[in-house]
$ cat upload.tsv   # TSV, N, CA and C atoms
chain	number	residue	atom	x	y	z
I	26	MET	N	7.28	18.80	26.58
I	26	MET	CA	8.52	18.32	26.02
I	26	MET	C	8.34	16.93	25.42
I	27	LYS	N	7.55	16.08	26.10
I	27	LYS	CA	7.31	14.73	25.62
I	27	LYS	C	6.60	14.76	24.27
I	28	LYS	N	5.59	15.64	24.14
I	28	LYS	CA	4.87	15.76	22.87
I	28	LYS	C	5.81	16.24	21.77
I	29	PHE	N	6.67	17.20	22.09
I	29	PHE	CA	7.61	17.73	21.11
I	29	PHE	C	8.52	16.62	20.59
I	30	LEU	N	9.07	15.80	21.48
I	30	LEU	CA	9.95	14.69	21.08
I	30	LEU	C	9.19	13.67	20.24
I	31	THR	N	7.96	13.38	20.62
I	31	THR	CA	7.15	12.43	19.86
I	31	THR	C	6.90	12.95	18.45
I	32	VAL	N	6.56	14.23	18.31
I	32	VAL	CA	6.33	14.83	17.01
I	32	VAL	C	7.61	14.83	16.18
I	33	MET	N	8.73	15.14	16.80
I	33	MET	CA	10.01	15.16	16.08
I	33	MET	C	10.38	13.76	15.60
I	34	LEU	N	10.22	12.76	16.44
I	34	LEU	CA	10.52	11.38	16.04
I	34	LEU	C	9.61	10.94	14.90
I	35	LEU	N	8.34	11.31	14.97
I	35	LEU	CA	7.41	10.98	13.90
I	35	LEU	C	7.81	11.66	12.60
I	36	ALA	N	8.22	12.92	12.67
I	36	ALA	CA	8.65	13.66	11.48
I	36	ALA	C	9.89	13.01	10.86
I	37	VAL	N	10.84	12.63	11.70
I	37	VAL	CA	12.06	11.97	11.20
I	37	VAL	C	11.71	10.63	10.55
I	38	ALA	N	10.81	9.88	11.16
I	38	ALA	CA	10.39	8.60	10.59
I	38	ALA	C	9.72	8.79	9.23
I	39	ILE	N	8.87	9.79	9.10
I	39	ILE	CA	8.19	10.06	7.83
I	39	ILE	C	9.21	10.44	6.76
I	40	ILE	N	10.17	11.27	7.10
I	40	ILE	CA	11.21	11.66	6.14
I	40	ILE	C	12.02	10.44	5.73
I	41	PHE	N	12.38	9.60	6.70
I	41	PHE	CA	13.17	8.40	6.41
I	41	PHE	C	12.41	7.47	5.46
I	42	VAL	N	11.13	7.21	5.74
I	42	VAL	CA	10.32	6.34	4.89
I	42	VAL	C	10.16	6.94	3.50
I	43	SER	N	9.93	8.25	3.42
I	43	SER	CA	9.79	8.91	2.12
I	43	SER	C	11.05	8.78	1.30
I	44	ASN	N	12.21	9.01	1.91
I	44	ASN	CA	13.48	8.90	1.19
I	44	ASN	C	13.73	7.48	0.73
I	45	ASN	N	13.43	6.49	1.58
I	45	ASN	CA	13.65	5.11	1.19
I	45	ASN	C	12.68	4.66	0.12
I	46	SER	N	11.44	5.17	0.14
I	46	SER	CA	10.48	4.82	-0.88
I	46	SER	C	10.88	5.36	-2.24
I	47	ALA	N	11.52	6.51	-2.26
I	47	ALA	CA	11.95	7.11	-3.51
I	47	ALA	C	13.17	6.41	-4.09
I	48	ASN	N	13.90	5.72	-3.23
I	48	ASN	CA	15.10	5.01	-3.68
I	48	ASN	C	14.70	3.79	-4.49
I	49	ALA	N	15.27	3.64	-5.69
I	49	ALA	CA	14.89	2.55	-6.58
I	49	ALA	C	15.52	1.22	-6.23
I	50	ALA	N	16.42	1.17	-5.29
I	50	ALA	CA	17.06	-0.09	-4.93
I	50	ALA	C	16.53	-0.59	-3.61
I	51	VAL	N	16.33	-1.87	-3.53
I	51	VAL	CA	15.84	-2.51	-2.32
I	51	VAL	C	16.95	-3.40	-1.80
I	52	GLU	N	17.26	-3.30	-0.51
I	52	GLU	CA	18.31	-4.16	0.03
I	52	GLU	C	17.74	-5.54	0.32
I	53	LYS	N	18.49	-6.53	-0.11
I	53	LYS	CA	18.16	-7.92	0.18
I	53	LYS	C	19.30	-8.51	0.99
I	54	ILE	N	19.02	-9.50	1.77
I	54	ILE	CA	20.06	-10.15	2.55
I	54	ILE	C	20.20	-11.57	2.02
I	55	ASP	N	21.41	-11.97	1.65
I	55	ASP	CA	21.62	-13.33	1.17
I	55	ASP	C	21.91	-14.25	2.35
I	56	SER	N	22.11	-15.54	2.07
I	56	SER	CA	22.28	-16.52	3.12
I	56	SER	C	23.53	-16.28	3.97
I	57	GLY	N	24.53	-15.58	3.43
I	57	GLY	CA	25.73	-15.29	4.19
I	57	GLY	C	25.62	-14.00	4.98
I	58	LEU	N	24.42	-13.45	5.07
I	58	LEU	CA	24.15	-12.21	5.77
I	58	LEU	C	24.93	-11.03	5.20
I	59	ASN	N	25.20	-11.07	3.91
I	59	ASN	CA	25.82	-9.96	3.21
I	59	ASN	C	24.74	-9.17	2.51
I	60	PHE	N	24.78	-7.83	2.60
I	60	PHE	CA	23.78	-7.02	1.95
I	60	PHE	C	24.03	-6.97	0.46
I	61	GLN	N	22.96	-7.04	-0.32
I	61	GLN	CA	23.03	-6.91	-1.77
I	61	GLN	C	21.99	-5.90	-2.21
I	62	GLN	N	22.32	-5.14	-3.23
I	62	GLN	CA	21.35	-4.23	-3.82
I	62	GLN	C	20.63	-4.96	-4.94
I	63	MET	N	19.32	-4.88	-4.95
I	63	MET	CA	18.56	-5.48	-6.03
I	63	MET	C	17.70	-4.39	-6.63
I	64	GLY	N	17.89	-4.07	-7.90
I	64	GLY	CA	17.06	-3.09	-8.56
I	64	GLY	C	15.63	-3.58	-8.64
I	65	ILE	N	14.70	-2.66	-8.57
I	65	ILE	CA	13.30	-3.04	-8.67
I	65	ILE	C	12.97	-3.23	-10.14
I	66	GLY	N	12.58	-4.42	-10.52
I	66	GLY	CA	12.23	-4.74	-11.90
I	66	GLY	C	11.04	-5.67	-11.90
I	67	SER	N	10.84	-6.32	-13.02
I	67	SER	CA	9.76	-7.29	-13.12
I	67	SER	C	10.23	-8.62	-12.54
I	68	ILE	N	9.44	-9.18	-11.66
I	68	ILE	CA	9.76	-10.46	-11.03
I	68	ILE	C	8.83	-11.51	-11.64
I	69	TYR	N	9.41	-12.64	-12.06
I	69	TYR	CA	8.63	-13.71	-12.67
I	69	TYR	C	8.86	-15.02	-11.94
I	70	ASN	N	7.80	-15.85	-11.89
I	70	ASN	CA	7.96	-17.24	-11.51
I	70	ASN	C	8.71	-17.92	-12.64
I	71	ALA	N	9.51	-18.89	-12.34
I	71	ALA	CA	10.25	-19.61	-13.37
I	71	ALA	C	10.51	-21.03	-12.88
I	72	THR	N	10.98	-21.88	-13.82
I	72	THR	CA	11.25	-23.27	-13.53
I	72	THR	C	12.61	-23.65	-14.11
I	73	VAL	N	13.34	-24.49	-13.41
I	73	VAL	CA	14.62	-25.01	-13.92
I	73	VAL	C	14.32	-26.13	-14.91
I	74	VAL	N	14.89	-26.02	-16.11
I	74	VAL	CA	14.65	-26.97	-17.20
I	74	VAL	C	15.98	-27.30	-17.89
I	75	ASN	N	15.94	-28.22	-18.83
I	75	ASN	CA	17.05	-28.52	-19.75
I	75	ASN	C	18.36	-28.92	-19.08
I	76	CYS	N	18.31	-29.56	-17.92
I	76	CYS	CA	19.53	-30.03	-17.27
I	76	CYS	C	19.31	-31.48	-16.84
I	77	ASN	N	20.39	-32.16	-16.47
I	77	ASN	CA	20.26	-33.55	-16.04
I	77	ASN	C	19.73	-33.67	-14.61
I	78	GLU	N	20.34	-32.97	-13.67
I	78	GLU	CA	19.93	-33.08	-12.27
I	78	GLU	C	19.72	-31.73	-11.59
I	79	TRP	N	20.67	-30.79	-11.78
I	79	TRP	CA	20.63	-29.50	-11.09
I	79	TRP	C	21.47	-28.49	-11.86
I	80	ILE	N	21.26	-27.22	-11.49
I	80	ILE	CA	22.09	-26.13	-12.00
I	80	ILE	C	22.64	-25.36	-10.81
I	81	SER	N	23.65	-24.56	-11.08
I	81	SER	CA	24.27	-23.78	-10.00
I	81	SER	C	23.63	-22.41	-9.86
I	82	LEU	N	23.37	-22.02	-8.62
I	82	LEU	CA	23.01	-20.65	-8.28
I	82	LEU	C	24.33	-20.00	-7.88
I	83	ARG	N	24.77	-19.01	-8.65
I	83	ARG	CA	26.12	-18.47	-8.48
I	83	ARG	C	26.11	-17.08	-7.85
I	84	GLU	N	27.26	-16.72	-7.29
I	84	GLU	CA	27.43	-15.45	-6.59
I	84	GLU	C	27.34	-14.25	-7.53
I	85	TYR	N	27.83	-14.37	-8.73
I	85	TYR	CA	27.73	-13.33	-9.75
I	85	TYR	C	27.60	-14.00	-11.12
I	86	PRO	N	27.24	-13.27	-12.17
I	86	PRO	CA	26.92	-13.89	-13.46
I	86	PRO	C	28.14	-14.38	-14.24
I	87	SER	N	28.71	-15.47	-13.76
I	87	SER	CA	29.86	-16.09	-14.41
I	87	SER	C	29.94	-17.55	-13.97
I	88	THR	N	30.33	-18.44	-14.88
I	88	THR	CA	30.49	-19.84	-14.51
I	88	THR	C	31.68	-20.05	-13.56
I	89	SER	N	32.53	-19.06	-13.43
I	89	SER	CA	33.66	-19.17	-12.50
I	89	SER	C	33.31	-18.63	-11.10
I	90	ALA	N	32.12	-18.07	-10.94
I	90	ALA	CA	31.70	-17.54	-9.64
I	90	ALA	C	31.42	-18.69	-8.66
I	91	ALA	N	31.55	-18.40	-7.39
I	91	ALA	CA	31.27	-19.40	-6.35
I	91	ALA	C	29.81	-19.85	-6.43
I	92	ARG	N	29.59	-21.14	-6.16
I	92	ARG	CA	28.24	-21.70	-6.14
I	92	ARG	C	27.61	-21.44	-4.77
I	93	LEU	N	26.43	-20.82	-4.78
I	93	LEU	CA	25.69	-20.56	-3.54
I	93	LEU	C	24.78	-21.73	-3.19
I	94	ALA	N	24.27	-22.42	-4.24
I	94	ALA	CA	23.36	-23.54	-4.03
I	94	ALA	C	23.25	-24.35	-5.32
I	95	LYS	N	22.80	-25.59	-5.17
I	95	LYS	CA	22.44	-26.42	-6.31
I	95	LYS	C	20.92	-26.35	-6.43
I	96	VAL	N	20.44	-25.98	-7.62
I	96	VAL	CA	19.00	-25.84	-7.85
I	96	VAL	C	18.56	-27.03	-8.71
I	97	PRO	N	17.71	-27.91	-8.17
I	97	PRO	CA	17.36	-29.14	-8.90
I	97	PRO	C	16.45	-28.91	-10.11
I	98	LEU	N	16.56	-29.83	-11.07
I	98	LEU	CA	15.67	-29.84	-12.23
I	98	LEU	C	14.22	-29.79	-11.76
I	99	GLY	N	13.43	-28.92	-12.35
I	99	GLY	CA	12.01	-28.78	-12.00
I	99	GLY	C	11.73	-27.84	-10.85
I	100	ALA	N	12.78	-27.31	-10.21
I	100	ALA	CA	12.59	-26.42	-9.06
I	100	ALA	C	11.92	-25.12	-9.51
I	101	ARG	N	11.08	-24.60	-8.65
I	101	ARG	CA	10.45	-23.30	-8.86
I	101	ARG	C	11.37	-22.22	-8.31
I	102	VAL	N	11.61	-21.19	-9.10
I	102	VAL	CA	12.46	-20.08	-8.69
I	102	VAL	C	11.77	-18.78	-9.07
I	103	GLU	N	12.34	-17.66	-8.66
I	103	GLU	CA	11.89	-16.34	-9.09
I	103	GLU	C	13.06	-15.68	-9.80
I	104	ILE	N	12.77	-14.94	-10.86
I	104	ILE	CA	13.83	-14.24	-11.60
I	104	ILE	C	13.44	-12.79	-11.81
I	105	THR	N	14.46	-11.94	-11.96
I	105	THR	CA	14.21	-10.55	-12.33
I	105	THR	C	14.45	-10.40	-13.82
I	106	VAL	N	13.67	-9.55	-14.45
I	106	VAL	CA	13.83	-9.28	-15.87
I	106	VAL	C	13.78	-7.78	-16.08
I	107	GLY	N	14.85	-7.23	-16.66
I	107	GLY	CA	14.87	-5.82	-17.02
I	107	GLY	C	14.80	-4.88	-15.85
I	108	THR	N	15.60	-5.12	-14.81
I	108	THR	CA	15.53	-4.25	-13.64
I	108	THR	C	15.86	-2.81	-13.99
I	109	GLY	N	16.95	-2.60	-14.71
I	109	GLY	CA	17.29	-1.28	-15.23
I	109	GLY	C	17.63	-0.22	-14.20
I	110	GLU	N	17.57	-0.53	-12.93
I	110	GLU	CA	17.81	0.48	-11.90
I	110	GLU	C	19.24	0.44	-11.37
I	111	THR	N	19.76	-0.76	-11.16
I	111	THR	CA	21.11	-0.93	-10.63
I	111	THR	C	21.83	-1.86	-11.58
I	112	SER	N	22.79	-1.35	-12.34
I	112	SER	CA	23.40	-2.13	-13.40
I	112	SER	C	23.96	-3.47	-12.93
I	113	ALA	N	24.41	-3.56	-11.70
I	113	ALA	CA	24.96	-4.82	-11.20
I	113	ALA	C	23.90	-5.91	-11.12
I	114	TYR	N	22.62	-5.54	-11.10
I	114	TYR	CA	21.55	-6.52	-10.96
I	114	TYR	C	20.57	-6.50	-12.13
I	115	ASP	N	20.95	-5.86	-13.26
I	115	ASP	CA	20.13	-5.98	-14.46
I	115	ASP	C	20.09	-7.46	-14.82
I	116	SER	N	18.98	-7.94	-15.31
I	116	SER	CA	18.84	-9.35	-15.61
I	116	SER	C	17.93	-9.52	-16.82
I	117	PRO	N	18.26	-10.35	-17.82
I	117	PRO	CA	19.44	-11.20	-17.84
I	117	PRO	C	20.72	-10.41	-18.07
I	118	GLN	N	21.82	-11.00	-17.62
I	118	GLN	CA	23.13	-10.37	-17.76
I	118	GLN	C	24.15	-11.47	-18.05
I	119	ASN	N	24.92	-11.28	-19.09
I	119	ASN	CA	25.98	-12.23	-19.44
I	119	ASN	C	25.43	-13.65	-19.58
I	120	GLY	N	24.15	-13.77	-20.04
I	120	GLY	CA	23.53	-15.09	-20.18
I	120	GLY	C	22.99	-15.68	-18.90
I	121	PHE	N	22.88	-14.87	-17.82
I	121	PHE	CA	22.38	-15.33	-16.53
I	121	PHE	C	21.17	-14.50	-16.11
I	122	TYR	N	20.22	-15.16	-15.42
I	122	TYR	CA	19.13	-14.46	-14.76
I	122	TYR	C	19.49	-14.27	-13.29
I	123	TYR	N	19.11	-13.10	-12.73
I	123	TYR	CA	19.20	-12.89	-11.29
I	123	TYR	C	18.05	-13.67	-10.69
I	124	THR	N	18.35	-14.65	-9.85
I	124	THR	CA	17.41	-15.70	-9.48
I	124	THR	C	17.32	-15.86	-7.96
I	125	LYS	N	16.09	-16.11	-7.48
I	125	LYS	CA	15.88	-16.40	-6.06
I	125	LYS	C	15.47	-17.86	-5.92
I	126	TYR	N	16.22	-18.59	-5.11
I	126	TYR	CA	15.90	-19.99	-4.83
I	126	TYR	C	16.07	-20.22	-3.32
I	127	ASN	N	15.04	-20.77	-2.69
I	127	ASN	CA	15.06	-21.03	-1.24
I	127	ASN	C	15.51	-19.81	-0.43
I	128	GLY	N	15.07	-18.62	-0.82
I	128	GLY	CA	15.37	-17.40	-0.09
I	128	GLY	C	16.73	-16.80	-0.40
I	129	ILE	N	17.49	-17.42	-1.30
I	129	ILE	CA	18.83	-16.93	-1.65
I	129	ILE	C	18.78	-16.32	-3.05
I	130	TRP	N	19.29	-15.09	-3.19
I	130	TRP	CA	19.42	-14.46	-4.51
I	130	TRP	C	20.80	-14.74	-5.07
I	131	GLY	N	20.86	-15.13	-6.33
I	131	GLY	CA	22.11	-15.38	-7.02
I	131	GLY	C	21.86	-15.39	-8.52
I	132	TRP	N	22.74	-16.03	-9.27
I	132	TRP	CA	22.67	-16.01	-10.73
I	132	TRP	C	22.63	-17.42	-11.29
I	133	CYS	N	21.67	-17.69	-12.20
I	133	CYS	CA	21.55	-18.98	-12.88
I	133	CYS	C	21.63	-18.75	-14.38
I	134	LEU	N	22.27	-19.69	-15.08
I	134	LEU	CA	22.34	-19.58	-16.54
I	134	LEU	C	20.94	-19.54	-17.14
I	135	GLN	N	20.74	-18.58	-18.01
I	135	GLN	CA	19.44	-18.31	-18.63
I	135	GLN	C	18.94	-19.53	-19.42
I	136	GLN	N	19.83	-20.28	-20.04
I	136	GLN	CA	19.42	-21.41	-20.89
I	136	GLN	C	18.74	-22.52	-20.10
I	137	TYR	N	18.87	-22.50	-18.76
I	137	TYR	CA	18.26	-23.53	-17.92
I	137	TYR	C	17.02	-23.04	-17.18
I	138	ILE	N	16.56	-21.86	-17.52
I	138	ILE	CA	15.41	-21.26	-16.84
I	138	ILE	C	14.28	-21.04	-17.84
I	139	SER	N	13.10	-21.51	-17.49
I	139	SER	CA	11.91	-21.26	-18.30
I	139	SER	C	11.05	-20.24	-17.55
I	140	ARG	N	10.93	-19.04	-18.12
I	140	ARG	CA	10.19	-17.97	-17.47
I	140	ARG	C	8.70	-18.26	-17.51
I	141	GLY	N	8.06	-18.06	-16.37
I	141	GLY	CA	6.63	-18.29	-16.26
I	141	GLY	C	5.87	-16.99	-16.07
I	142	SER	N	4.94	-17.00	-15.14
I	142	SER	CA	4.05	-15.86	-14.94
I	142	SER	C	4.69	-14.72	-14.19
I	143	TYR	N	4.23	-13.51	-14.51
I	143	TYR	CA	4.66	-12.29	-13.83
I	143	TYR	C	4.09	-12.28	-12.43
I	144	ILE	N	4.89	-11.91	-11.45
I	144	ILE	CA	4.42	-11.84	-10.06
I	144	ILE	C	3.98	-10.41	-9.77
I	145	THR	N	2.70	-10.23	-9.49
I	145	THR	CA	2.19	-8.91	-9.15
I	145	THR	C	2.20	-8.74	-7.64
I	146	GLY	N	2.36	-7.51	-7.20
I	146	GLY	CA	2.34	-7.24	-5.76
I	146	GLY	C	3.47	-7.93	-5.03
I	147	TYR	N	4.62	-8.00	-5.66
I	147	TYR	CA	5.77	-8.70	-5.09
I	147	TYR	C	6.24	-8.03	-3.81
I	148	ALA	N	6.44	-8.82	-2.77
I	148	ALA	CA	6.88	-8.27	-1.48
I	148	ALA	C	8.29	-8.72	-1.11
I	149	GLY	N	8.92	-9.52	-1.95
I	149	GLY	CA	10.30	-9.93	-1.68
I	149	GLY	C	10.38	-11.18	-0.90

$ encode --input "upload.tsv" --output "structure tokens"
Amino acid sequence: MKKFLTVMLLAVAIIFVSNNSANAAVEKIDSGLNFQQMGIGSIYNATVVNCNEWISLREYPSTSAARLAKVPLGARVEITVGTGETSAYDSPQNGFYYTKYNGIWGWCLQQYISRGSYITGYAG
């Protein structure tokens, strides 16, 4: 009976992993412990440019969205480009890049971001 349960648990785990691997969206957790869907796209290193001191990392791609963080001039960030999997996280969108700064995903105005190198083997 013990072997049977072990085999069944292993089979369920394999099915679960297979289903999640086929899913194009990866769950990310933001600083407020709220789940967000992030489409799998190209992730790039980037730098904050063209501002006086800092730019806003926003909750959604709008200047009226709540500020999640202040991102200083020259800061290194990660951005998604052309995710195409989950429309809510396609980037750029409405003039904003979906951006990761200090472990927080949010939105920064595209005009203040200089895209750098493509990140290969991205693990999140």

$ atom_distance --input "upload.tsv" --atom1 "atom N of Phe121 of chain I" --atom2 "atom C of Ser81 of chain I"
11.0 Å

$ atom_distance --input "upload.tsv" --atom1 "atom C of Gly99 of chain I" --atom2 "atom C of Thr72 of chain I"
5.4 Å

$ closest_residue --input "upload.tsv" --among "I:Leu82, I:Asp115, I:Asn77, I:Ser67" --to "Ile129 of chain I" --atoms "all atoms listed in the file"
I:Leu82

$ residues_near_point --input "upload.tsv" --point "(29.3, -22.0, -17.4)" --cutoff "10 Å" --atoms "only C-alpha atoms" --output "list in words"
Ile80, Ser81, Pro86, Ser87, Thr88, Ser89, Ala90, Gly120, Phe121, Cys133 and Leu134 of chain I

$ residues_near_point --input "upload.tsv" --point "(26.5, -24.9, -8.0)" --cutoff "6.5 Å" --atoms "all atoms listed in the file" --output "number ranges by chain"
I: 80-83, 91-96

$ write_last_selection --input "upload.tsv" --atoms "N, CA and C atoms" --output "compact mmCIF listing (two decimals), in the coordinates of the input"
# COMPACT_ATOMS: atom_id res chain seq x y z
N ILE I 80 21.26 -27.22 -11.49
CA ILE I 80 22.09 -26.13 -12.00
C ILE I 80 22.64 -25.36 -10.81
N SER I 81 23.65 -24.56 -11.08
CA SER I 81 24.27 -23.78 -10.00
C SER I 81 23.63 -22.41 -9.86
N LEU I 82 23.37 -22.02 -8.62
CA LEU I 82 23.01 -20.65 -8.28
C LEU I 82 24.33 -20.00 -7.88
N ARG I 83 24.77 -19.01 -8.65
CA ARG I 83 26.12 -18.47 -8.48
C ARG I 83 26.11 -17.08 -7.85
N ALA I 91 31.55 -18.40 -7.39
CA ALA I 91 31.27 -19.40 -6.35
C ALA I 91 29.81 -19.85 -6.43
N ARG I 92 29.59 -21.14 -6.16
CA ARG I 92 28.24 -21.70 -6.14
C ARG I 92 27.61 -21.44 -4.77
N LEU I 93 26.43 -20.82 -4.78
CA LEU I 93 25.69 -20.56 -3.54
C LEU I 93 24.78 -21.73 -3.19
N ALA I 94 24.27 -22.42 -4.24
CA ALA I 94 23.36 -23.54 -4.03
C ALA I 94 23.25 -24.35 -5.32
N LYS I 95 22.80 -25.59 -5.17
CA LYS I 95 22.44 -26.42 -6.31
C LYS I 95 20.92 -26.35 -6.43
N VAL I 96 20.44 -25.98 -7.62
CA VAL I 96 19.00 -25.84 -7.85
C VAL I 96 18.56 -27.03 -8.71

$ closest_residue --input "upload.tsv" --among "I:Gly128, I:Pro97, I:Gly141, I:Pro117" --to "Val73 of chain I" --atoms "all atoms listed in the file"
I:Pro97

$ atom_distance --input "upload.tsv" --atom1 "atom CA of Tyr143 of chain I" --atom2 "atom CA of Trp79 of chain I"
23.6 Å

$ closest_residue --input "upload.tsv" --among "I:Asn75, I:Thr105, I:Ser142, I:Gln136" --to "Thr124 of chain I" --atoms "only C-alpha atoms"
I:Thr105
